[in-house]
Amino acid sequence: MTKKYFFRGLGVGIIAATAVFFIMIRFNDNENKSVSYSQNEIIERAKKLGMIFVSEVKPNKESIFTENEIIRKAKSLGMIYPEEAEVQEKEINANNENMDTIKNSKDRLENTIEITIPLGASSEEIAQLLFEHNVIDNMKTFNSYIYKKGYSKKLPYGTYTFTESMTIEDVIQIFRKQ
């Protein structure tokens, strides 16, 4: 008999709580309804808060700059305009090509290292070999790169000739040539 009263009390409590919750929501909705303002009312409220229109600002002699002065100041702050960006990009590409030529010449003069990659070697084992012979600087970076590029399962076994401190892309190119 006690279970009967317990469940009856629980049911009445849930219903009472739901009713109170419903009443609270109804009264709360009436308070939070949005109010629409006309444009004039918005302007009046903005003026009360101290806001002004751009047209109301009186320019002083210090704040007026010519277009050339603005461009000069922007350039001094390191900003680049689209037309200039194309020119700079071409210069950077030309410099990179020159650097590649210099690097390739330097690579030919450096000591070459011959490494044999055994059949069935994992990419981690290959990275270890390359690192031990100073071909790459960081094994984790090498592994991350080849996984991202999808080369991790495409590194063939065999004997390869490398130079010290090669870029990862140069190492991959050597693997792909064979």
# chains A, B, ... in the order shown; residues from 1 in each chain; ligands from 1
>>> select_by_dssp(residues="segment 142-173 of chain A", states="strand (DSSP E)", output="ChimeraX atom specification")
/A:158-163
>>> write_last_selection(atoms="N, CA and C atoms", output="compact mmCIF listing (two decimals), in the first residue's frame")
# COMPACT_ATOMS: atom_id res chain seq x y z
N GLY A 158 65.94 -0.68 -52.61
CA GLY A 158 67.03 -0.55 -53.57
C GLY A 158 68.14 0.32 -53.02
N THR A 159 69.12 0.61 -53.84
CA THR A 159 70.26 1.43 -53.44
C THR A 159 70.10 2.81 -54.08
N TYR A 160 70.24 3.83 -53.25
CA TYR A 160 70.04 5.20 -53.70
C TYR A 160 71.23 6.06 -53.30
N THR A 161 71.45 7.11 -54.07
CA THR A 161 72.53 8.05 -53.77
C THR A 161 71.92 9.37 -53.33
N PHE A 162 72.31 9.80 -52.13
CA PHE A 162 71.81 11.04 -51.53
C PHE A 162 72.98 11.94 -51.19
N THR A 163 72.66 13.17 -50.79
CA THR A 163 73.66 14.07 -50.22
C THR A 163 73.18 14.46 -48.83
>>> residues_around(residues="Thr141 of chain A", least_positions_apart="2", cutoff="12 Å", atoms="only C-alpha atoms", output="ChimeraX atom specification")
/A:123-124,127-128,131,136-139,143-148,167-169
>>> write_last_selection(atoms="C-alpha atoms", output="short mmCIF file (atom, residue, chain, number, x, y, z; two decimals), in the first residue's frame")
data_model
loop_
_atom_site.label_atom_id
_atom_site.label_comp_id
_atom_site.auth_asym_id
_atom_site.auth_seq_id
_atom_site.Cartn_x
_atom_site.Cartn_y
_atom_site.Cartn_z
CA SER A 123 58.66 4.21 -43.74
CA GLU A 124 59.87 4.54 -40.13
CA ALA A 127 63.43 7.50 -42.05
CA GLN A 128 65.80 6.04 -39.45
CA PHE A 131 68.47 10.28 -40.40
CA ILE A 136 67.23 14.29 -43.37
CA ASP A 137 67.17 16.45 -40.26
CA ASN A 138 64.05 15.12 -38.55
CA MET A 139 62.48 11.64 -38.78
CA ASN A 143 57.20 10.54 -41.76
CA SER A 144 54.46 13.16 -41.37
CA TYR A 145 55.22 14.54 -44.83
CA ILE A 146 55.20 11.18 -46.63
CA TYR A 147 51.99 10.12 -44.87
CA LYS A 148 50.24 13.36 -45.83
CA THR A 167 64.99 18.54 -48.32
CA ILE A 168 62.25 15.97 -47.93
CA GLU A 169 60.93 16.77 -51.39
#
>>> atom_distance(atom1="atom CA of Phe22 of chain A", atom2="atom CA of Val35 of chain A")
23.5 Å
>>> atom_distance(atom1="atom CA of Gly120 of chain A", atom2="atom CA of Ser152 of chain A")
12.0 Å
>>> closest_residue(among="A:Phe21, A:Phe175, A:Phe6, A:Tyr151", to="Thr116 of chain A", atoms="only C-alpha atoms")
A:Phe175
>>> atom_distance(atom1="atom CA of Glu125 of chain A", atom2="atom CA of Lys140 of chain A")
11.6 Å
